[in-house]
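Here the structure comes first, spelled out in structure tokens, and everything after it is commentary.
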Amino acid sequence: MHSLRGVSYEVLERGSGRPVLILHGFTGSAGWLSRFPELPVHLVAPSLLQHGGTGQQPVERAKMSQQVKDLSVLLDTDDGPWTVIGYSLGGRIGMTLAACDHRVAHFIGISTTPGLDAAERRQRRRQDEKLAEFIEQAGLEAFVDRWERLPLWHQTDEMRAALRPERLAQSPAALADSLRAVGTGSMPSLWSCLDRLPRIDLIVGEHDLKFQQIARNMQLIRPDIEIHEISDASHAPHIENAQQFGTMIEKLILGGI
């Protein structure tokens, strides 16, 4: 555990060498460290606020600005420069961290977005609140059942079964407040800040058309952004094609792609 600005964070670490911060997605935890290949780097995997062993904080304490400040303190544990890898929710937080902290030299986003415009944010906040209320009223198992059926996944029954224990281990109240604190509708837009970010690589699934388009739109603003497609995968390419994901991550971190 690491104390970051008064909050006890669950943090898993592995390896030694150049530091790499890896940030999981919604319903995930620090345990996604196990999905990364063995590399000659220092992998640092926190459970984000409202997730895993880090647990619940008030909504205001879990806002984007607060989580970024916490992670900046975590960056103090190594001189860097840091690579930050973030999936979905973790990608949005990691991208914001990369825009705010000069110690981040490389950002790798997996199925993620720089946010929405003002009108889209208002609509998305309403959707996030409805989902938060569903979690609170229907309970965690009903939410996980609904989450598993979303069309954005390209997962086998075996994959879903492997993910289910981690999802069911979450706190329903904490997940609901995560949506309120750092759902896409509550995240400040980063579109106008892309030029402040360091090197950017984006990983998208072959079947994830929405996030492929987001990646291409980011590339229009930052032509140096590299987009990498994982075959036979959708919104969770690190799970849906773990072998290709592992090979790609190794090349992106160590060079050669």
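Ordered as shown in the structure tokens, chains take letters A, B, and onward, while each chain numbers its residues from 1 and ligands are numbered from 1 in the order shown.
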
Mind listing the strand (DSSP E or B) residues of region 5-174 of chain A, per DSSP on the backbone, as a CSV table (one decimal) with N, CA, C and O atoms, in the first residue's frame?
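Saved to result.csv:
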```csv
chain,number,residue,atom,x,y,z
A,7,VAL,N,-4.5,9.2,1.3
A,7,VAL,CA,-5.3,8.0,0.9
A,7,VAL,C,-4.4,6.8,0.7
A,7,VAL,O,-3.4,6.9,0.1
A,8,SER,N,-4.8,5.7,1.3
A,8,SER,CA,-4.1,4.5,1.2
A,8,SER,C,-4.4,3.8,-0.1
A,8,SER,O,-5.6,3.3,-0.3
A,9,TYR,N,-3.5,3.8,-1.1
A,9,TYR,CA,-3.7,3.1,-2.4
A,9,TYR,C,-3.1,1.7,-2.4
A,9,TYR,O,-2.0,1.5,-2.0
A,11,VAL,N,-1.2,-0.7,-4.4
A,11,VAL,CA,-0.2,-0.6,-5.5
A,11,VAL,C,0.6,-1.9,-5.6
A,11,VAL,O,1.2,-2.4,-4.7
A,12,LEU,N,0.5,-2.5,-6.8
A,12,LEU,CA,1.3,-3.7,-7.1
A,12,LEU,C,2.5,-3.3,-8.0
A,12,LEU,O,2.3,-2.4,-8.9
A,13,GLU,N,3.7,-3.9,-7.8
A,13,GLU,CA,4.9,-3.5,-8.5
A,13,GLU,C,5.6,-4.8,-9.0
A,13,GLU,O,5.5,-5.8,-8.3
A,14,ARG,N,6.3,-4.7,-10.1
A,14,ARG,CA,7.0,-5.8,-10.6
A,14,ARG,C,8.2,-5.4,-11.4
A,14,ARG,O,8.0,-4.4,-12.2
A,18,ARG,N,13.4,1.2,-16.0
A,18,ARG,CA,12.7,2.4,-16.3
A,18,ARG,C,11.2,2.2,-15.8
A,18,ARG,O,10.6,1.2,-16.0
A,19,PRO,N,10.7,3.3,-15.2
A,19,PRO,CA,9.3,3.1,-14.6
A,19,PRO,C,8.2,3.2,-15.6
A,19,PRO,O,8.2,4.1,-16.5
A,20,VAL,N,7.2,2.3,-15.4
A,20,VAL,CA,6.0,2.3,-16.3
A,20,VAL,C,4.8,2.3,-15.4
A,20,VAL,O,4.6,1.3,-14.6
A,21,LEU,N,4.0,3.3,-15.4
A,21,LEU,CA,2.7,3.3,-14.6
A,21,LEU,C,1.6,2.8,-15.5
A,21,LEU,O,1.4,3.2,-16.6
A,22,ILE,N,0.9,1.8,-15.0
A,22,ILE,CA,-0.2,1.2,-15.7
A,22,ILE,C,-1.5,1.3,-15.0
A,22,ILE,O,-1.6,1.0,-13.8
A,23,LEU,N,-2.5,1.9,-15.7
A,23,LEU,CA,-3.8,2.3,-15.1
A,23,LEU,C,-5.0,1.5,-15.7
A,23,LEU,O,-5.2,1.6,-16.9
A,41,VAL,N,11.6,-3.6,-17.1
A,41,VAL,CA,11.1,-2.3,-16.6
A,41,VAL,C,10.5,-2.5,-15.3
A,41,VAL,O,10.2,-3.6,-14.8
A,42,HIS,N,10.2,-1.3,-14.6
A,42,HIS,CA,9.6,-1.3,-13.3
A,42,HIS,C,8.1,-1.0,-13.5
A,42,HIS,O,7.8,0.2,-13.8
A,43,LEU,N,7.2,-2.0,-13.5
A,43,LEU,CA,5.8,-1.8,-13.7
A,43,LEU,C,5.2,-1.4,-12.3
A,43,LEU,O,5.4,-2.1,-11.3
A,44,VAL,N,4.4,-0.4,-12.3
A,44,VAL,CA,3.7,0.1,-11.1
A,44,VAL,C,2.2,0.2,-11.4
A,44,VAL,O,1.8,0.9,-12.3
A,45,ALA,N,1.4,-0.6,-10.7
A,45,ALA,CA,0.0,-0.7,-11.0
A,45,ALA,C,-0.8,-0.4,-9.8
A,45,ALA,O,-1.0,-1.2,-8.9
A,46,PRO,N,-1.4,0.8,-9.7
A,46,PRO,CA,-2.3,1.2,-8.6
A,46,PRO,C,-3.7,0.7,-8.9
A,46,PRO,O,-4.1,0.7,-10.0
A,82,TRP,N,8.9,8.7,-17.0
A,82,TRP,CA,7.9,7.7,-16.9
A,82,TRP,C,7.2,7.4,-18.3
A,82,TRP,O,6.9,8.3,-19.0
A,83,THR,N,6.8,6.2,-18.5
A,83,THR,CA,5.8,5.8,-19.5
A,83,THR,C,4.5,5.5,-18.7
A,83,THR,O,4.5,4.9,-17.7
A,84,VAL,N,3.4,6.0,-19.2
A,84,VAL,CA,2.1,5.8,-18.6
A,84,VAL,C,1.2,5.0,-19.6
A,84,VAL,O,1.1,5.5,-20.8
A,85,ILE,N,0.7,3.9,-19.2
A,85,ILE,CA,-0.2,3.1,-20.0
A,85,ILE,C,-1.6,3.1,-19.3
A,85,ILE,O,-1.7,2.7,-18.1
A,86,GLY,N,-2.6,3.5,-20.1
A,86,GLY,CA,-4.0,3.5,-19.5
A,86,GLY,C,-5.0,2.9,-20.4
A,86,GLY,O,-5.0,3.2,-21.6
A,87,TYR,N,-5.9,2.1,-19.8
A,87,TYR,CA,-7.0,1.5,-20.5
A,87,TYR,C,-8.3,2.2,-20.2
A,87,TYR,O,-8.7,2.2,-19.0
A,104,VAL,N,6.1,12.6,-17.4
A,104,VAL,CA,5.6,11.6,-18.3
A,104,VAL,C,6.1,11.8,-19.7
A,104,VAL,O,5.9,12.8,-20.3
A,105,ALA,N,7.0,10.9,-20.2
A,105,ALA,CA,7.6,11.1,-21.5
A,105,ALA,C,6.9,10.3,-22.6
A,105,ALA,O,7.1,10.6,-23.8
A,106,HIS,N,6.0,9.4,-22.3
A,106,HIS,CA,5.4,8.5,-23.3
A,106,HIS,C,4.0,8.1,-22.7
A,106,HIS,O,4.0,7.6,-21.6
A,107,PHE,N,3.0,8.3,-23.5
A,107,PHE,CA,1.6,7.9,-23.1
A,107,PHE,C,1.1,6.9,-24.1
A,107,PHE,O,1.1,7.1,-25.3
A,108,ILE,N,0.7,5.7,-23.6
A,108,ILE,CA,0.1,4.7,-24.4
A,108,ILE,C,-1.4,4.5,-23.9
A,108,ILE,O,-1.6,4.1,-22.8
A,109,GLY,N,-2.3,4.9,-24.8
A,109,GLY,CA,-3.7,4.8,-24.5
A,109,GLY,C,-4.4,3.6,-25.1
A,109,GLY,O,-4.2,3.3,-26.3
A,110,ILE,N,-5.1,2.8,-24.4
A,110,ILE,CA,-5.8,1.6,-24.9
A,110,ILE,C,-7.3,1.9,-24.8
A,110,ILE,O,-7.9,2.1,-23.8
```

**Report entry** Backbone-only DSSP, helix (DSSP H, G or I) members of region 12-239 of chain A, as a ChimeraX atom specification
**Finding:** /A:30-35,59-62,64-75,89-100,118-138,140-148,157-168,172-182,191-196,209-221,237-239

Query raised in the report: Skipping near chain neighbours, those fewer than 4 positions away, what residues fall within 10 Å of Leu4 (chain A) using only C-alpha atoms, listed as a list in words?
Result: Ser8, Tyr9, Gln67, Lys69, Asp70, Leu71, Ser72, Val73 and Leu74 of chain A

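For region 121-135 of chain A, the residues within 9 Å (counting only C-alpha atoms, excluding itself and residues fewer than 4 positions away along the chain) are Gly115, Leu116, Asp117, Gly139, Leu140, Glu141, Ala142, Phe143, Val144, Pro172, Ala173, Leu175, Ala176, Asp177, Ser178, Leu179, Arg180, Gly183, Thr184, Gly185, Ser186, Met187, Pro188 and Ser189 of chain A.
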
Just the selected residues (N, CA, C and O atoms), exported as a CSV table (one decimal), in the first residue's frame, please.
```
chain,number,residue,atom,x,y,z
A,115,GLY,N,-12.1,12.9,-24.2
A,115,GLY,CA,-13.2,13.5,-23.6
A,115,GLY,C,-14.3,14.0,-24.7
A,115,GLY,O,-14.2,13.6,-25.8
A,116,LEU,N,-15.2,14.8,-24.2
A,116,LEU,CA,-16.4,15.2,-25.0
A,116,LEU,C,-16.5,16.7,-25.0
A,116,LEU,O,-15.9,17.4,-24.1
A,117,ASP,N,-17.3,17.2,-25.9
A,117,ASP,CA,-17.5,18.7,-25.9
A,117,ASP,C,-18.6,18.9,-24.8
A,117,ASP,O,-19.2,18.0,-24.2
A,139,GLY,N,-28.0,-3.6,-7.5
A,139,GLY,CA,-26.9,-4.4,-6.9
A,139,GLY,C,-25.8,-4.8,-7.9
A,139,GLY,O,-25.9,-4.6,-9.1
A,140,LEU,N,-24.7,-5.2,-7.3
A,140,LEU,CA,-23.5,-5.5,-8.1
A,140,LEU,C,-23.7,-6.6,-9.1
A,140,LEU,O,-23.2,-6.5,-10.3
A,141,GLU,N,-24.3,-7.7,-8.7
A,141,GLU,CA,-24.4,-8.8,-9.6
A,141,GLU,C,-25.2,-8.5,-10.9
A,141,GLU,O,-24.9,-8.8,-12.0
A,142,ALA,N,-26.3,-7.8,-10.6
A,142,ALA,CA,-27.2,-7.3,-11.7
A,142,ALA,C,-26.4,-6.4,-12.7
A,142,ALA,O,-26.6,-6.5,-13.9
A,143,PHE,N,-25.6,-5.5,-12.1
A,143,PHE,CA,-24.8,-4.6,-12.9
A,143,PHE,C,-23.8,-5.4,-13.7
A,143,PHE,O,-23.6,-5.1,-14.9
A,144,VAL,N,-23.1,-6.3,-13.1
A,144,VAL,CA,-22.1,-7.1,-13.8
A,144,VAL,C,-22.8,-7.9,-15.0
A,144,VAL,O,-22.2,-8.0,-16.1
A,172,PRO,N,-20.2,-1.8,-4.9
A,172,PRO,CA,-21.2,-1.1,-5.7
A,172,PRO,C,-21.3,0.4,-5.5
A,172,PRO,O,-21.4,1.2,-6.4
A,173,ALA,N,-21.3,0.8,-4.2
A,173,ALA,CA,-21.3,2.2,-3.9
A,173,ALA,C,-20.1,3.0,-4.5
A,173,ALA,O,-20.2,4.1,-5.0
A,175,LEU,N,-18.2,2.0,-7.1
A,175,LEU,CA,-18.3,2.1,-8.6
A,175,LEU,C,-19.3,3.2,-9.0
A,175,LEU,O,-19.1,3.9,-10.0
A,176,ALA,N,-20.4,3.3,-8.3
A,176,ALA,CA,-21.4,4.3,-8.6
A,176,ALA,C,-20.8,5.7,-8.5
A,176,ALA,O,-21.0,6.6,-9.4
A,177,ASP,N,-20.0,5.9,-7.4
A,177,ASP,CA,-19.4,7.2,-7.2
A,177,ASP,C,-18.2,7.4,-8.2
A,177,ASP,O,-17.9,8.6,-8.5
A,178,SER,N,-17.6,6.4,-8.7
A,178,SER,CA,-16.6,6.5,-9.7
A,178,SER,C,-17.2,7.1,-11.0
A,178,SER,O,-16.6,8.0,-11.6
A,179,LEU,N,-18.4,6.7,-11.3
A,179,LEU,CA,-19.1,7.2,-12.5
A,179,LEU,C,-19.4,8.7,-12.3
A,179,LEU,O,-19.3,9.5,-13.2
A,180,ARG,N,-19.8,9.1,-11.1
A,180,ARG,CA,-20.1,10.5,-10.8
A,180,ARG,C,-18.8,11.3,-10.8
A,180,ARG,O,-18.9,12.5,-11.1
A,183,GLY,N,-16.5,9.7,-14.6
A,183,GLY,CA,-17.2,9.2,-15.8
A,183,GLY,C,-16.8,10.2,-16.9
A,183,GLY,O,-16.4,11.3,-16.7
A,184,THR,N,-17.0,9.7,-18.1
A,184,THR,CA,-16.6,10.5,-19.3
A,184,THR,C,-17.4,11.9,-19.3
A,184,THR,O,-16.8,12.9,-19.7
A,185,GLY,N,-18.6,11.9,-18.7
A,185,GLY,CA,-19.3,13.1,-18.7
A,185,GLY,C,-18.8,14.1,-17.7
A,185,GLY,O,-19.1,15.3,-17.8
A,186,SER,N,-18.0,13.7,-16.7
A,186,SER,CA,-17.4,14.6,-15.7
A,186,SER,C,-16.0,15.0,-16.0
A,186,SER,O,-15.4,15.8,-15.3
A,187,MET,N,-15.4,14.3,-17.0
A,187,MET,CA,-14.0,14.6,-17.4
A,187,MET,C,-13.8,15.9,-18.2
A,187,MET,O,-14.5,16.0,-19.2
A,188,PRO,N,-13.0,16.8,-17.8
A,188,PRO,CA,-12.7,17.9,-18.6
A,188,PRO,C,-12.1,17.5,-20.0
A,188,PRO,O,-11.3,16.5,-20.0
A,189,SER,N,-12.5,18.1,-21.1
A,189,SER,CA,-12.0,17.7,-22.4
A,189,SER,C,-10.5,18.0,-22.5
A,189,SER,O,-10.0,19.1,-22.1
```

**Report entry** Residues within 6 Å of region 89-97 of chain A, only C-alpha atoms, excluding chain neighbours under 6 positions, as a ChimeraX atom specification
**Finding:** /A:23-26,68,109,112

Kindly export the residues of the current selection with all heavy atoms, as a PDB file, in the first residue's frame.
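This is the output file selection29.pdb:
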```pdb
ATOM      1  N   LEU A  23      -2.541   1.892 -15.673  1.00  0.00           N
ATOM      2  CA  LEU A  23      -3.802   2.299 -15.056  1.00  0.00           C
ATOM      3  C   LEU A  23      -4.960   1.507 -15.672  1.00  0.00           C
ATOM      4  O   LEU A  23      -5.207   1.598 -16.869  1.00  0.00           O
ATOM      5  CB  LEU A  23      -4.021   3.798 -15.251  1.00  0.00           C
ATOM      6  CG  LEU A  23      -2.880   4.701 -14.758  1.00  0.00           C
ATOM      7  CD1 LEU A  23      -3.167   6.159 -15.107  1.00  0.00           C
ATOM      8  CD2 LEU A  23      -2.667   4.532 -13.254  1.00  0.00           C
ATOM      9  N   HIS A  24      -5.656   0.764 -14.855  1.00  0.00           N
ATOM     10  CA  HIS A  24      -6.725  -0.141 -15.291  1.00  0.00           C
ATOM     11  C   HIS A  24      -7.988   0.631 -15.666  1.00  0.00           C
ATOM     12  O   HIS A  24      -8.113   1.843 -15.463  1.00  0.00           O
ATOM     13  CB  HIS A  24      -7.042  -1.137 -14.179  1.00  0.00           C
ATOM     14  CG  HIS A  24      -7.559  -0.481 -12.925  1.00  0.00           C
ATOM     15  ND1 HIS A  24      -8.864  -0.069 -12.781  1.00  0.00           N
ATOM     16  CD2 HIS A  24      -6.930  -0.153 -11.763  1.00  0.00           C
ATOM     17  CE1 HIS A  24      -9.034   0.472 -11.595  1.00  0.00           C
ATOM     18  NE2 HIS A  24      -7.875   0.440 -10.950  1.00  0.00           N
ATOM     19  N   GLY A  25      -8.969  -0.097 -16.185  1.00  0.00           N
ATOM     20  CA  GLY A  25     -10.242   0.487 -16.570  1.00  0.00           C
ATOM     21  C   GLY A  25     -11.306   0.350 -15.488  1.00  0.00           C
ATOM     22  O   GLY A  25     -11.055  -0.175 -14.391  1.00  0.00           O
ATOM     23  N   PHE A  26     -12.507   0.808 -15.804  1.00  0.00           N
ATOM     24  CA  PHE A  26     -13.651   0.737 -14.891  1.00  0.00           C
ATOM     25  C   PHE A  26     -13.944  -0.723 -14.553  1.00  0.00           C
ATOM     26  O   PHE A  26     -13.970  -1.572 -15.445  1.00  0.00           O
ATOM     27  CB  PHE A  26     -14.865   1.384 -15.560  1.00  0.00           C
ATOM     28  CG  PHE A  26     -16.074   1.516 -14.691  1.00  0.00           C
ATOM     29  CD1 PHE A  26     -16.049   2.302 -13.556  1.00  0.00           C
ATOM     30  CD2 PHE A  26     -17.245   0.842 -15.013  1.00  0.00           C
ATOM     31  CE1 PHE A  26     -17.183   2.432 -12.753  1.00  0.00           C
ATOM     32  CE2 PHE A  26     -18.379   0.967 -14.229  1.00  0.00           C
ATOM     33  CZ  PHE A  26     -18.345   1.759 -13.089  1.00  0.00           C
ATOM     34  N   VAL A  68      -5.296  12.853 -10.429  1.00  0.00           N
ATOM     35  CA  VAL A  68      -4.044  13.221 -11.096  1.00  0.00           C
ATOM     36  C   VAL A  68      -3.014  13.695 -10.074  1.00  0.00           C
ATOM     37  O   VAL A  68      -1.825  13.350 -10.162  1.00  0.00           O
ATOM     38  CB  VAL A  68      -4.313  14.278 -12.179  1.00  0.00           C
ATOM     39  CG1 VAL A  68      -3.019  14.925 -12.651  1.00  0.00           C
ATOM     40  CG2 VAL A  68      -5.037  13.642 -13.359  1.00  0.00           C
ATOM     41  N   GLY A 109      -2.301   4.868 -24.806  1.00  0.00           N
ATOM     42  CA  GLY A 109      -3.714   4.777 -24.480  1.00  0.00           C
ATOM     43  C   GLY A 109      -4.358   3.579 -25.149  1.00  0.00           C
ATOM     44  O   GLY A 109      -4.153   3.344 -26.341  1.00  0.00           O
ATOM     45  N   THR A 112      -9.305   4.487 -25.460  1.00  0.00           N
ATOM     46  CA  THR A 112      -9.583   5.622 -24.593  1.00  0.00           C
ATOM     47  C   THR A 112      -9.875   6.876 -25.404  1.00  0.00           C
ATOM     48  O   THR A 112      -9.829   6.853 -26.641  1.00  0.00           O
ATOM     49  CB  THR A 112      -8.424   5.837 -23.597  1.00  0.00           C
ATOM     50  OG1 THR A 112      -8.871   6.654 -22.520  1.00  0.00           O
ATOM     51  CG2 THR A 112      -7.209   6.451 -24.275  1.00  0.00           C
TER      52      THR A 112
END
```
